[in-house]
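Q: To be precise about what I am sending: the file is called data-v7.pdb and holds PDB, C-alpha atoms.
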ATOM      1  CA  MET A  28      36.660 105.331 -97.485
ATOM      2  CA  ASP A  29      34.487 106.286 -94.457
ATOM      3  CA  LYS A  30      31.670 107.192 -96.812
ATOM      4  CA  GLU A  31      31.976 103.818 -98.559
ATOM      5  CA  LYS A  32      31.834 101.978 -95.228
ATOM      6  CA  THR A  33      28.750 103.935 -94.190
ATOM      7  CA  ASN A  34      27.007 103.051 -97.433
ATOM      8  CA  LYS A  35      27.853  99.362 -97.003
ATOM      9  CA  ASN A  36      26.415  99.367 -93.477
ATOM     10  CA  LYS A  37      23.053 100.804 -94.466
ATOM     11  CA  LYS A  38      20.137  98.445 -93.794
ATOM     12  CA  VAL A  39      18.362  99.491 -96.954
ATOM     13  CA  SER A  40      20.602  97.999 -99.586
ATOM     14  CA  SER A  41      20.681  98.533-103.337
ATOM     15  CA  ILE A  42      21.132  95.470-105.528
ATOM     16  CA  ALA A  43      23.526  95.978-108.446
ATOM     17  CA  LYS A  44      22.980  99.742-108.183
ATOM     18  CA  THR A  45      26.146 100.578-110.085
ATOM     19  CA  LYS A  46      24.615  99.404-113.346
ATOM     20  CA  LYS A  47      21.850 101.160-115.217
ATOM     21  CA  GLY A  48      18.600  99.551-116.314
ATOM     22  CA  ILE A  49      16.130  97.201-114.678
ATOM     23  CA  ARG A  50      17.502  94.774-112.114
ATOM     24  CA  ASN A  51      15.939  91.452-111.142
ATOM     25  CA  LEU A  52      15.066  91.018-107.482
ATOM     26  CA  ASN A  53      15.075  87.437-106.209
ATOM     27  CA  LEU A  54      15.490  85.709-102.862
ATOM     28  CA  LYS A  55      18.895  84.174-103.513
ATOM     29  CA  ASN A  56      20.569  87.491-104.309
ATOM     30  CA  ALA A  57      18.776  89.263-101.471
ATOM     31  CA  ILE A  58      19.802  86.712 -98.842
ATOM     32  CA  ILE A  59      23.452  86.911 -99.918
ATOM     33  CA  ARG A  60      23.434  90.693 -99.357
ATOM     34  CA  ILE A  61      21.734  90.705 -95.960
ATOM     35  CA  SER A  62      22.761  89.441 -92.558
ATOM     36  CA  LYS A  63      20.869  86.183 -92.054
ATOM     37  CA  THR A  64      20.292  87.044 -88.395
ATOM     38  CA  SER A  65      18.126  90.017 -89.412
ATOM     39  CA  LEU A  66      15.398  88.049 -91.178
ATOM     40  CA  ASN A  67      13.410  84.867 -91.241
ATOM     41  CA  PHE A  68      14.055  82.737 -94.301
ATOM     42  CA  MET A  69      13.671  79.200 -95.592
ATOM     43  CA  GLY A  70      16.301  78.342 -98.157
ATOM     44  CA  ASN A  71      15.804  80.344-101.340
ATOM     45  CA  ASP A  72      12.013  79.956-101.170
ATOM     46  CA  LEU A  73      10.713  82.233 -98.430
ATOM     47  CA  MET A  74      11.965  85.406 -96.781
ATOM     48  CA  MET A  75      10.178  87.620 -94.239
ATOM     49  CA  PHE A  76      10.812  91.063 -92.777
ATOM     50  CA  SER A  77       8.949  92.616 -89.863
ATOM     51  CA  ASP A  78      10.936  95.848 -90.338
ATOM     52  CA  PHE A  79      10.689  97.386 -93.829
ATOM     53  CA  SER A  80      13.973  99.290 -93.379
ATOM     54  CA  GLU A  81      15.761  95.931 -93.776
ATOM     55  CA  VAL A  82      14.100  95.067 -97.098
ATOM     56  CA  PRO A  83      16.624  95.072 -99.996
ATOM     57  CA  ILE A  84      14.780  97.456-102.315
ATOM     58  CA  PRO A  85      16.954  98.591-105.264
ATOM     59  CA  LYS A  86      17.084 102.316-105.939
ATOM     60  CA  ARG A  87      16.441 101.852-109.644
ATOM     61  CA  ALA A  88      13.615 100.008-111.396
ATOM     62  CA  PHE A  89      13.533  96.304-110.583
ATOM     63  CA  LYS A  90      11.637  93.289-111.883
ATOM     64  CA  MET A  91      10.404  90.651-109.469
ATOM     65  CA  ASP A  92      11.723  87.110-109.804
ATOM     66  CA  CYS A  93       9.347  86.121-107.018
ATOM     67  CA  THR A  94       6.069  87.156-105.377
ATOM     68  CA  PHE A  95       6.453  90.242-103.199
ATOM     69  CA  VAL A  96       3.809  90.908-100.508
ATOM     70  CA  VAL A  97       3.751  94.101 -98.446
ATOM     71  CA  ILE A  98       1.307  94.745 -95.595
ATOM     72  CA  CYS A  99       1.453  98.376 -94.501
ATOM     73  CA  LYS A 100       1.377  98.878 -90.734
ATOM     74  CA  SER A 101       1.932 102.641 -90.682
ATOM     75  CA  GLY A 102       2.758 105.610 -92.922
ATOM     76  CA  SER A 103       2.448 105.402 -96.690
ATOM     77  CA  ALA A 104       4.487 104.524 -99.771
ATOM     78  CA  LYS A 105       4.251 105.678-103.375
ATOM     79  CA  PHE A 106       5.719 103.785-106.320
ATOM     80  CA  ALA A 107       5.099 102.810-109.932
ATOM     81  CA  LEU A 108       3.988  99.240-110.603
ATOM     82  CA  ASN A 109       4.312  98.340-114.278
ATOM     83  CA  THR A 110       4.562 102.134-114.940
ATOM     84  CA  ILE A 111       1.224 102.848-113.170
ATOM     85  CA  GLU A 112       1.430 105.126-110.101
ATOM     86  CA  ARG A 113       0.263 103.423-106.902
ATOM     87  CA  GLU A 114       0.074 104.265-103.207
ATOM     88  CA  ILE A 115      -0.407 102.116-100.123
ATOM     89  CA  LYS A 116      -1.446 103.273 -96.664
ATOM     90  CA  GLN A 117      -2.098 101.698 -93.284
ATOM     91  CA  ASN A 118      -3.879  98.313 -93.510
ATOM     92  CA  ASP A 119      -3.278  98.086 -97.262
ATOM     93  CA  ILE A 120      -1.775  94.937 -98.726
ATOM     94  CA  ILE A 121      -0.113  94.807-102.126
ATOM     95  CA  LEU A 122       0.811  91.764-104.185
ATOM     96  CA  VAL A 123       3.573  92.170-106.730
ATOM     97  CA  ASN A 124       3.756  89.088-108.925
ATOM     98  CA  THR A 125       6.662  87.489-110.761
ATOM     99  CA  ASN A 126       7.850  89.499-113.789
ATOM    100  CA  GLU A 127       6.166  92.710-112.630
ATOM    101  CA  THR A 128       8.281  95.859-112.470
ATOM    102  CA  VAL A 129       8.557  98.315-109.576
ATOM    103  CA  GLU A 130      10.218 101.730-109.681
ATOM    104  CA  SER A 131      10.284 105.199-108.089
ATOM    105  CA  VAL A 132       9.672 103.927-104.546
ATOM    106  CA  LYS A 133       9.109 106.779-102.079
ATOM    107  CA  ILE A 134       8.163 106.159 -98.459
ATOM    108  CA  THR A 135       7.186 108.473 -95.611
ATOM    109  CA  ASP A 136       9.403 108.702 -92.526
ATOM    110  CA  ASP A 137       6.882 106.745 -90.467
ATOM    111  CA  PHE A 138       6.364 104.006 -93.056
ATOM    112  CA  ASN A 139       6.679 100.442 -91.833
ATOM    113  CA  ALA A 140       5.367  97.181 -93.195
ATOM    114  CA  MET A 141       5.509  93.432 -92.920
ATOM    115  CA  THR A 142       7.094  92.032 -96.052
ATOM    116  CA  ILE A 143       7.187  88.544 -97.540
ATOM    117  CA  PHE A 144       9.148  87.248-100.530
ATOM    118  CA  ILE A 145       7.902  83.941-101.941
ATOM    119  CA  SER A 146       9.800  82.166-104.687
ATOM    120  CA  HIS A 147       7.972  81.341-107.887
ATOM    121  CA  SER A 148       8.591  77.630-107.361
ATOM    122  CA  LEU A 149       7.184  77.654-103.804
ATOM    123  CA  MET A 150       4.104  79.635-104.850
ATOM    124  CA  GLU A 151       3.471  77.247-107.746
ATOM    125  CA  ASP A 152       3.951  74.267-105.448
ATOM    126  CA  ILE A 153       1.439  75.619-102.922
ATOM    127  CA  ILE A 154      -1.363  76.610-105.317
ATOM    128  CA  MET A 155      -0.808  74.293-108.296
ATOM    129  CA  ASN A 156      -3.830  72.105-107.440
ATOM    130  CA  TYR A 157      -6.132  74.940-106.484
ATOM    131  CA  GLU A 158      -7.632  76.540-109.609
ATOM    132  CA  ASP A 159      -9.911  78.922-107.677
ATOM    133  CA  ILE A 160      -6.942  80.370-105.816
ATOM    134  CA  SER A 161      -4.932  80.713-109.020
ATOM    135  CA  SER A 162      -7.718  82.638-110.770
ATOM    136  CA  LEU A 163      -8.152  84.955-107.799
ATOM    137  CA  LEU A 164      -4.428  85.673-107.643
ATOM    138  CA  LEU A 165      -4.518  86.438-111.374
ATOM    139  CA  PHE A 166      -7.282  88.941-110.587
ATOM    140  CA  SER A 167      -4.870  90.655-108.196
ATOM    141  CA  ARG A 168      -2.649  91.592-111.151
ATOM    142  CA  GLU A 169      -5.332  94.086-112.195
ATOM    143  CA  HIS A 170      -6.137  95.071-108.601
ATOM    144  CA  PRO A 171      -2.830  94.739-106.737
ATOM    145  CA  ILE A 172      -3.759  96.880-103.711
ATOM    146  CA  ILE A 173      -6.372  95.644-101.252
ATOM    147  CA  HIS A 174      -7.486  97.539 -98.170
ATOM    148  CA  LEU A 175      -7.883  95.261 -95.166
ATOM    149  CA  ALA A 176     -10.536  95.656 -92.497
ATOM    150  CA  ASP A 177      -9.038  95.982 -89.006
ATOM    151  CA  GLU A 178      -9.884  92.358 -88.149
ATOM    152  CA  ASP A 179      -8.222  91.126 -91.353
ATOM    153  CA  ALA A 180      -5.128  93.240 -90.695
ATOM    154  CA  ILE A 181      -4.871  91.669 -87.227
ATOM    155  CA  ALA A 182      -5.330  88.180 -88.709
ATOM    156  CA  PHE A 183      -2.534  88.832 -91.206
ATOM    157  CA  GLN A 184      -0.193  89.911 -88.415
ATOM    158  CA  GLU A 185      -1.029  86.679 -86.589
ATOM    159  CA  TYR A 186      -0.279  84.612 -89.704
ATOM    160  CA  PHE A 187       2.960  86.544 -90.157
ATOM    161  CA  GLN A 188       4.051  85.839 -86.565
ATOM    162  CA  MET A 189       3.107  82.148 -86.855
ATOM    163  CA  LEU A 190       5.114  81.822 -90.050
ATOM    164  CA  GLN A 191       8.098  83.516 -88.445
ATOM    165  CA  SER A 192       8.020  81.199 -85.444
ATOM    166  CA  ARG A 193       7.664  78.067 -87.618
ATOM    167  CA  ILE A 194      10.495  79.151 -89.898
ATOM    168  CA  ASP A 195      12.698  79.734 -86.857
ATOM    169  CA  ASN A 196      12.041  76.178 -85.640
ATOM    170  CA  SER A 197      14.762  74.656 -87.824
ATOM    171  CA  ASP A 198      14.998  71.533 -85.617
ATOM    172  CA  ASN A 199      11.518  70.416 -86.627
ATOM    173  CA  HIS A 200      11.805  67.600 -89.159
ATOM    174  CA  PHE A 201       8.545  68.724 -90.857
ATOM    175  CA  ARG A 202       9.408  72.424 -90.821
ATOM    176  CA  LYS A 203       8.958  72.931 -94.570
ATOM    177  CA  GLU A 204       5.656  71.047 -94.646
ATOM    178  CA  ILE A 205       4.320  73.052 -91.700
ATOM    179  CA  VAL A 206       5.353  76.333 -93.337
ATOM    180  CA  ARG A 207       3.722  75.289 -96.628
ATOM    181  CA  SER A 208       0.499  74.429 -94.782
ATOM    182  CA  LEU A 209       0.492  77.779 -93.005
ATOM    183  CA  MET A 210       1.185  79.524 -96.308
ATOM    184  CA  LEU A 211      -1.734  77.733 -97.955
ATOM    185  CA  SER A 212      -4.015  78.700 -95.067
ATOM    186  CA  TRP A 213      -2.878  82.331 -95.343
ATOM    187  CA  ILE A 214      -3.376  82.314 -99.126
ATOM    188  CA  TYR A 215      -6.900  80.936 -98.655
ATOM    189  CA  TYR A 216      -7.613  83.765 -96.219
ATOM    190  CA  LEU A 217      -6.254  86.311 -98.700
ATOM    191  CA  SER A 218      -8.135  84.682-101.583
ATOM    192  CA  ASN A 219     -11.425  85.100 -99.739
ATOM    193  CA  ILE A 220     -10.724  88.829 -99.395
ATOM    194  CA  ILE A 221      -9.875  89.014-103.106
ATOM    195  CA  TYR A 222     -13.036  87.040-103.934
ATOM    196  CA  ASN A 223     -15.211  89.513-102.026
ATOM    197  CA  LEU A 224     -13.452  92.424-103.727
ATOM    198  CA  LYS A 225     -13.976  90.803-107.121
ATOM    199  CA  GLN A 226     -17.689  90.323-106.437
ATOM    200  CA  THR A 227     -18.010  93.947-105.360
ATOM    201  CA  ILE A 228     -16.292  95.141-108.531
ATOM    202  CA  ILE A 229     -18.452  92.851-110.678
ATOM    203  CA  ASP A 230     -21.621  94.100-108.936
ATOM    204  CA  ASN A 231     -20.542  97.721-109.326
ATOM    205  CA  ASN A 232     -19.684  97.189-112.987
ATOM    206  CA  LYS A 233     -23.027  95.461-113.556
ATOM    207  CA  ARG A 234     -24.892  98.323-111.920
ATOM    208  CA  ARG A 235     -22.954 100.809-114.018
ATOM    209  CA  ALA A 236     -23.616  98.747-117.157
ATOM    210  CA  ASP A 237     -27.339  98.614-116.353
ATOM    211  CA  ILE A 238     -27.406 102.393-115.907
ATOM    212  CA  ILE A 239     -25.573 102.952-119.204
ATOM    213  CA  PHE A 240     -27.927 100.553-120.996
ATOM    214  CA  ALA A 241     -31.031 102.271-119.586
ATOM    215  CA  ASN A 242     -29.711 105.728-120.467
ATOM    216  CA  PHE A 243     -28.776 104.546-123.951
ATOM    217  CA  LEU A 244     -32.278 103.185-124.632
ATOM    218  CA  LYS A 245     -33.826 106.423-123.369
ATOM    219  CA  LEU A 246     -31.628 108.407-125.758
ATOM    220  CA  VAL A 247     -32.458 106.082-128.651
ATOM    221  CA  GLU A 248     -36.195 106.343-127.975
ATOM    222  CA  GLU A 249     -35.960 110.131-128.065
ATOM    223  CA  ASN A 250     -33.556 110.515-130.999
ATOM    224  CA  PHE A 251     -33.660 107.495-133.333
ATOM    225  CA  ARG A 252     -35.577 109.441-135.990
ATOM    226  CA  THR A 253     -32.697 111.881-136.442
ATOM    227  CA  GLU A 254     -29.597 110.202-134.971
ATOM    228  CA  ARG A 255     -28.402 106.761-135.969
ATOM    229  CA  ARG A 256     -24.642 107.106-135.330
ATOM    230  CA  VAL A 257     -23.250 105.174-132.368
ATOM    231  CA  THR A 258     -20.663 107.919-131.826
ATOM    232  CA  TRP A 259     -23.456 110.447-131.249
ATOM    233  CA  TYR A 260     -24.872 108.325-128.421
ATOM    234  CA  SER A 261     -21.464 107.568-126.895
ATOM    235  CA  ASP A 262     -20.648 111.288-126.887
ATOM    236  CA  LYS A 263     -23.928 112.021-125.098
ATOM    237  CA  LEU A 264     -23.102 109.352-122.508
ATOM    238  CA  CYS A 265     -19.485 110.588-122.185
ATOM    239  CA  ILE A 266     -17.954 107.194-122.962
ATOM    240  CA  SER A 267     -16.093 105.766-125.939
ATOM    241  CA  PRO A 268     -17.995 104.068-128.784
ATOM    242  CA  LYS A 269     -16.063 100.866-128.100
ATOM    243  CA  TYR A 270     -16.999 100.838-124.430
ATOM    244  CA  LEU A 271     -20.637 101.609-125.248
ATOM    245  CA  SER A 272     -20.715  98.731-127.733
ATOM    246  CA  THR A 273     -19.189  96.350-125.180
ATOM    247  CA  VAL A 274     -21.610  97.341-122.419
ATOM    248  CA  ILE A 275     -24.700  97.145-124.634
ATOM    249  CA  LYS A 276     -23.639  93.788-126.110
ATOM    250  CA  ASP A 277     -22.938  92.325-122.661
ATOM    251  CA  ALA A 278     -26.205  93.640-121.225
ATOM    252  CA  SER A 279     -28.553  92.733-124.083
ATOM    253  CA  HIS A 280     -26.719  90.485-126.576
ATOM    254  CA  ARG A 281     -27.422  93.157-129.190
ATOM    255  CA  THR A 282     -25.183  95.889-130.566
ATOM    256  CA  PRO A 283     -26.059  99.604-130.288
ATOM    257  CA  ASN A 284     -26.782  99.604-134.031
ATOM    258  CA  ASP A 285     -29.194  96.694-133.579
ATOM    259  CA  TRP A 286     -31.150  98.719-131.015
ATOM    260  CA  ILE A 287     -31.194 101.865-133.132
ATOM    261  CA  ASP A 288     -32.389  99.894-136.167
ATOM    262  CA  TYR A 289     -34.996  98.154-134.012
ATOM    263  CA  TYR A 290     -36.607 101.461-133.056
ATOM    264  CA  VAL A 291     -36.433 102.771-136.620
ATOM    265  CA  ILE A 292     -38.072  99.644-138.063
ATOM    266  CA  LEU A 293     -40.685  99.570-135.289
ATOM    267  CA  GLU A 294     -41.674 103.165-136.075
ATOM    268  CA  ALA A 295     -41.674 102.479-139.823
ATOM    269  CA  ARG A 296     -43.923  99.432-139.406
ATOM    270  CA  VAL A 297     -46.378 101.357-137.232
ATOM    271  CA  MET A 298     -46.535 104.230-139.736
ATOM    272  CA  LEU A 299     -46.939 101.948-142.750
ATOM    273  CA  LYS A 300     -49.711  99.994-141.053
ATOM    274  CA  ASN A 301     -51.621 102.768-139.269
ATOM    275  CA  THR A 302     -51.214 105.964-141.314
ATOM    276  CA  ASN A 303     -51.974 107.127-144.829
ATOM    277  CA  LYS A 304     -48.528 108.662-145.243
ATOM    278  CA  SER A 305     -46.817 107.728-148.492
ATOM    279  CA  ILE A 306     -43.644 105.640-148.353
ATOM    280  CA  LYS A 307     -41.702 108.766-149.318
ATOM    281  CA  GLU A 308     -43.292 110.689-146.435
ATOM    282  CA  VAL A 309     -42.385 107.867-144.041
ATOM    283  CA  ALA A 310     -38.799 107.916-145.354
ATOM    284  CA  ASP A 311     -38.645 111.702-144.924
ATOM    285  CA  TYR A 312     -40.113 111.530-141.411
ATOM    286  CA  LEU A 313     -37.435 109.023-140.395
ATOM    287  CA  ASN A 314     -34.706 111.175-141.993
ATOM    288  CA  PHE A 315     -33.605 108.780-144.717
ATOM    289  CA  PRO A 316     -31.787 110.511-147.625
ATOM    290  CA  ASN A 317     -34.348 109.166-150.112
ATOM    291  CA  GLN A 318     -37.152 106.623-150.578
ATOM    292  CA  SER A 319     -34.872 104.131-152.313
ATOM    293  CA  PHE A 320     -32.434 104.057-149.387
ATOM    294  CA  PHE A 321     -35.333 103.617-146.951
ATOM    295  CA  GLY A 322     -36.747 100.753-149.051
ATOM    296  CA  LYS A 323     -33.430  98.892-149.063
ATOM    297  CA  PHE A 324     -32.928  99.447-145.325
ATOM    298  CA  PHE A 325     -36.454  98.181-144.571
ATOM    299  CA  LYS A 326     -36.238  95.099-146.803
ATOM    300  CA  GLU A 327     -32.876  93.998-145.345
ATOM    301  CA  ARG A 328     -34.371  93.972-141.839
ATOM    302  CA  VAL A 329     -37.996  92.948-142.437
ATOM    303  CA  GLY A 330     -37.643  90.696-145.441
ATOM    304  CA  CYS A 331     -39.984  92.589-147.770
ATOM    305  CA  SER A 332     -40.325  96.066-149.230
ATOM    306  CA  PRO A 333     -42.307  98.816-147.434
ATOM    307  CA  LEU A 334     -44.998  98.578-150.121
ATOM    308  CA  ALA A 335     -45.336  94.795-149.782
ATOM    309  CA  PHE A 336     -45.467  95.139-145.989
ATOM    310  CA  ARG A 337     -48.265  97.729-146.252
ATOM    311  CA  ARG A 338     -50.289  95.604-148.697
ATOM    312  CA  ASN A 339     -50.000  92.579-146.426
ATOM    313  CA  GLN A 340     -51.506  94.594-143.547
ATOM    314  CA  ILE A 341     -54.691  95.404-145.448
TER     315      ILE A 341
END
Would you encode the structure as structure tokens?

A:
Amino acid sequence: MDKEKTNKNKKVSSIAKTKKGIRNLNLKNAIIRISKTSLNFMGNDLMMFSDFSEVPIPKRAFKMDCTFVVICKSGSAKFALNTIEREIKQNDIILVNTNETVESVKITDDFNAMTIFISHSLMEDIIMNYEDISSLLLFSREHPIIHLADEDAIAFQEYFQMLQSRIDNSDNHFRKEIVRSLMLSWIYYLSNIIYNLKQTIIDNNKRRADIIFANFLKLVEENFRTERRVTWYSDKLCISPKYLSTVIKDASHRTPNDWIDYYVILEARVMLKNTNKSIKEVADYLNFPNQSFFGKFFKERVGCSPLAFRRNQI
């Protein structure tokens, strides 16, 4: 019995831990299981913890029925978000959205964080008329962890303290409206950080795409006479054929095959116009299996046979 009492008195509680499987974590259930004097809350819409040891994190996998925001003040925490291993450290903020799953939470002894639970209905109510914010928060699903600069971490603590004090002011007739306004201001602040992160990622991806495109063209220029398989080029660039195709198409509006064929046809046209090599010799030089295959390939892309092209150049 003493052991049972000790377990019941623990600050870190486990929701429905006697049953196996994934549990849903929402504000209503959490508030019922925690002393209301130990947290700041507003109905079933908003709940805040300045001490992470009081947060009702289930021991088994759980799915969020709300938005879960954690701002790490010290230490570190490891966990799996939608089965992908993640880690947060000091000045990191993580957004866990509705219907996302968290499991295998492990924290260091010195870990502490500010934590906010926001109901789905409150979040929708706050951002429903702000498309830019919505798109940026969707971006956070792919990039849930954001490292805050020191000044941003301080600003978030200030927002957190303001929200706590406004939530505590239950005598204010406009308490909910004030809290919503503060939440919107905080979300705008966060959205600007996400926007800058998104631009950095886009710029980095563009630079990487430009490098891949340049390296691909260099390889094609050097090898188009003997290699016309996209897989050969992707292997040389150490990326998948699908990724190579996507990058080249995005960068140039042409496929890798289009570029390879372009160089082959360009070389064929130059040879047919400026050399005395026979069509068979041109086909052999460009490593076609036979003259007939070369003729068909050329006509499909130029609109006439190699012989007709050569005659028209005279």

Q: Please evaluate the PyMOL selection byres ((chain A and resi 152) around 12) against the displayed coordinates and give the resulting residues as a PyMOL selection string.

A: chain A and resi 72+145-151+153-157+161+204+207-208+210-211

Q: Residues near Ile221 of chain A, anyone? I mean within 12 Å using only C-alpha atoms, not counting same-chain ones fewer than 2 positions away, as a compact mmCIF listing (two decimals) with C-alpha atoms, in the coordinates of the input.

A:
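Full text of selection_37.txt as output:
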# COMPACT_ATOMS: atom_id res chain seq x y z
CA ILE A 120 -1.78 94.94 -98.73
CA ILE A 121 -0.11 94.81 -102.13
CA LEU A 122 0.81 91.76 -104.18
CA ASP A 159 -9.91 78.92 -107.68
CA ILE A 160 -6.94 80.37 -105.82
CA SER A 161 -4.93 80.71 -109.02
CA SER A 162 -7.72 82.64 -110.77
CA LEU A 163 -8.15 84.96 -107.80
CA LEU A 164 -4.43 85.67 -107.64
CA LEU A 165 -4.52 86.44 -111.37
CA PHE A 166 -7.28 88.94 -110.59
CA SER A 167 -4.87 90.66 -108.20
CA ARG A 168 -2.65 91.59 -111.15
CA GLU A 169 -5.33 94.09 -112.20
CA HIS A 170 -6.14 95.07 -108.60
CA PRO A 171 -2.83 94.74 -106.74
CA ILE A 172 -3.76 96.88 -103.71
CA ILE A 173 -6.37 95.64 -101.25
CA HIS A 174 -7.49 97.54 -98.17
CA LEU A 175 -7.88 95.26 -95.17
CA ILE A 214 -3.38 82.31 -99.13
CA TYR A 215 -6.90 80.94 -98.66
CA TYR A 216 -7.61 83.76 -96.22
CA LEU A 217 -6.25 86.31 -98.70
CA SER A 218 -8.14 84.68 -101.58
CA ASN A 219 -11.42 85.10 -99.74
CA ASN A 223 -15.21 89.51 -102.03
CA LEU A 224 -13.45 92.42 -103.73
CA LYS A 225 -13.98 90.80 -107.12
CA GLN A 226 -17.69 90.32 -106.44
CA THR A 227 -18.01 93.95 -105.36
CA ILE A 228 -16.29 95.14 -108.53

Q: Any chance you could work out the residue set of the PyMOL selection byres ((chain A and resi 236-252) around 7) here, as a list in words?

A: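 So the PyMOL selection byres ((chain A and resi 236-252) around 7), applied here, picks out Asn232, Lys233, Arg234, Arg235, Thr253, Glu254, Arg255, Val274, Ile275, Ile287, Tyr290, Val291, Leu313 and Asn314 of chain A.
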
Q: Compare A:Ala107, A:Leu299, A:Ile266, A:Met69 by their minimum atom-to-atom distance to Arg338 of chain A, counting all atoms listed in the file, and give me the closest one.

A: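 Nearest candidate to Arg338 of chain A out of A:Ala107, A:Leu299, A:Ile266, A:Met69: A:Leu299.
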
Q: Name the residues in contact with Met74 of chain A at a cut-off of 6 Å, using all atoms listed in the file, excluding same-chain residues fewer than 3 positions from it; report them as a CSV table (one decimal) with C-alpha atoms, in the frame of the given file.

A:
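As written to disk, result-v1.csv reads:
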chain,number,residue,atom,x,y,z
A,67,ASN,CA,13.4,84.9,-91.2
A,68,PHE,CA,14.1,82.7,-94.3
A,143,ILE,CA,7.2,88.5,-97.5
A,144,PHE,CA,9.1,87.2,-100.5

Q: Applying the PyMOL selection byres ((chain A and resi 295) around 9) to the file I just gave you, which residues come out? Please list them as a list of chain:residue names.

A: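 On the file shown, the PyMOL selection byres ((chain A and resi 295) around 9) covers A:Tyr290, A:Val291, A:Ile292, A:Leu293, A:Glu294, A:Arg296, A:Val297, A:Met298, A:Leu299, A:Lys300, A:Val309, A:Ala310, A:Leu313, A:Phe325, A:Pro333.
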
Q: Calculate how many Å separate atom CA of Phe321 of chain A from atom CA of Val257 of chain A, rounding to one decimal.

A: 19.0 Å

Q: Can you tell me how far atom CA of Ser319 of chain A sits from atom CA of Arg337 of chain A, in Å to one decimal?

A: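 Separation of atom CA of Ser319 of chain A and atom CA of Arg337 of chain A: 16.0 Å.
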
Q: Between A:Ser77, A:Gln188, A:Asn126, A:Ser332, which has the minimum distance to Ala140 of chain A (counting all atoms listed in the file)?

A: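 Nearest candidate to Ala140 of chain A out of A:Ser77, A:Gln188, A:Asn126, A:Ser332: A:Ser77.
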
Q: Take atom CA of Ala104 of chain A and atom CA of Asp119 of chain A and report the distance between them in Å, one decimal.

A: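 Distance reported for this atom pair: 10.4 Å.
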
Q: Val123 of chain A: which residues within 7 Å, counting all atoms listed in the file, same-chain residues fewer than 2 positions away excluded, as a PyMOL selection string?

A: chain A and resi 94-96+121+125+127+171

Q: Have a look at A:Thr302, A:Thr142, A:Ser192, A:Ser261 and name the one nearest to Asp78 of chain A; count all atoms listed in the file.

A: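 Going through A:Thr302, A:Thr142, A:Ser192, A:Ser261 one by one, the smallest distance to Asp78 of chain A is for A:Thr142.
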
Q: Please, which residues are within 12 Å of (0.4, 90.0, -87.4) by the file's coordinates, counting all atoms listed in the file, and could they come as a list in words?

A: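 Result, sorted by chain then residue number: Phe76, Ser77, Ile98, Cys99, Lys100, Asn118, Ala140, Met141, Thr142, Asp177, Glu178, Asp179, Ala180, Ile181, Ala182, Phe183, Gln184, Glu185, Tyr186, Phe187, Gln188, Met189, Leu190, Gln191, Ser192 and Trp213 of chain A.
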
Q: For a quick check of understanding, using all atoms listed in the file, which of A:Ile194, A:Tyr260, A:Asn199, A:Asn51 has the smallest distance to Asp92 of chain A?

A: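 For Asp92 of chain A, the nearest of the given residues is A:Asn51.
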